[in-house]
Structure formats: C-alpha cells, structure tokens
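A.B. asks: The structure's right below; bear with me while I get my questions together.
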Amino acid sequence: MDAINLVITVCAVLAPANCEEKNLVFSSTFSLHQCLMAAPPYIAQWIGQHPQYTAVKWRCEYPHSREKI
C-alpha cells in the first residue's frame, strides 16, 4: 500500500499566532483529493486528543513530495 500524509496546520487556542504543522500518515490506495474529502473525521479525532490546538487548514501530499532533488 502507498502512504499519504495528511498535513494539518494547527494553532494554539491560547496563542492563535503560534501555529505549526502536524503530520498524520495514512496507508491508502486513494487519491490526494479523496484524502482531502476523508480528512475531517481524522482531524476532529486528533483535535479531540489535543484540545490545546485548533485546526486552521490541511492538505494531503505524498511522502517526500517536498524534498528537492
């Protein structure tokens, strides 16, 4: 199976200017677009486990797609 990264940009609830990216890795055979459509329940679960953060945006990408050759 192939892997897809769900990259979530989260900001601290008590300091909204303090944002960072978190990565969740999925083993999947679906496309990046399908990943985006399936992401909200996973984001909600992650935020439920990390209530000090709020999700502001997300994207899906293939691993190592941002590496320069």
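The way I read the labels, and the way they are meant: chains A, B, ... in the order of the structure tokens, residue 1 as the first residue of every chain, and ligand 1 as the first ligand shown, with later ones counted on from there.
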Where in stretch 16-62 of chain A does DSSP assign strand (DSSP E), given as a list in words?

C.D. replies: Cys19, Glu20, Glu21, Lys22, Asn23, Leu24, Val25, Phe26, Ser27, Ser28, Tyr53, Thr54, Ala55, Val56, Lys57, Trp58, Arg59, Cys60 and Glu61 of chain A

A.B. asks: Which residues are close to A:Lys22, i.e. within 7 Å by only C-alpha atoms, leaving aside same-chain residues fewer than 6 positions away? Reply as a list in words.

C.D. replies: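 My list of contacting residues is Val7, Ile8 and Thr9 of chain A.
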
A.B. asks: Kindly indicate which residue among A:Tyr53, A:Ala44, A:Arg59, A:Val10 lies nearest to A:Leu32, using only C-alpha atoms for the distances.

C.D. replies: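 Ranked by minimum distance to A:Leu32, first place goes to A:Arg59.
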
A.B. asks: DSSP on the backbone, then: every residue of chain A marked alpha helix (DSSP H), written as a list in words.

C.D. replies: Leu32, His33, Gln34, Cys35, Leu36, Met37, Ala38, Ala39, Pro40, Pro41, Tyr42, Ile43, Ala44, Gln45, Trp46, Ile47, Gly48 and Gln49 of chain A

A.B. asks: Using only C-alpha atoms, can you tell me which of A:Gly48, A:Met37, A:Cys11, A:Glu61 comes closest to A:Val25?

C.D. replies: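 For A:Val25, the nearest of the candidates is A:Glu61.
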
A.B. asks: Just checking: using only C-alpha atoms, which residue out of A:Gln49, A:Ile4, A:Pro41, A:Cys35 ends up closest to A:Asn23?

C.D. replies: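 Using only C-alpha atoms, A:Asn23 sits closest to A:Ile4.
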
A.B. asks: Write out as a ChimeraX atom specification which residues come within 9 Å of A:Gln52 when counting only C-alpha atoms, dropping same-chain ones fewer than 5 positions away.

C.D. replies: /A:11-14,47
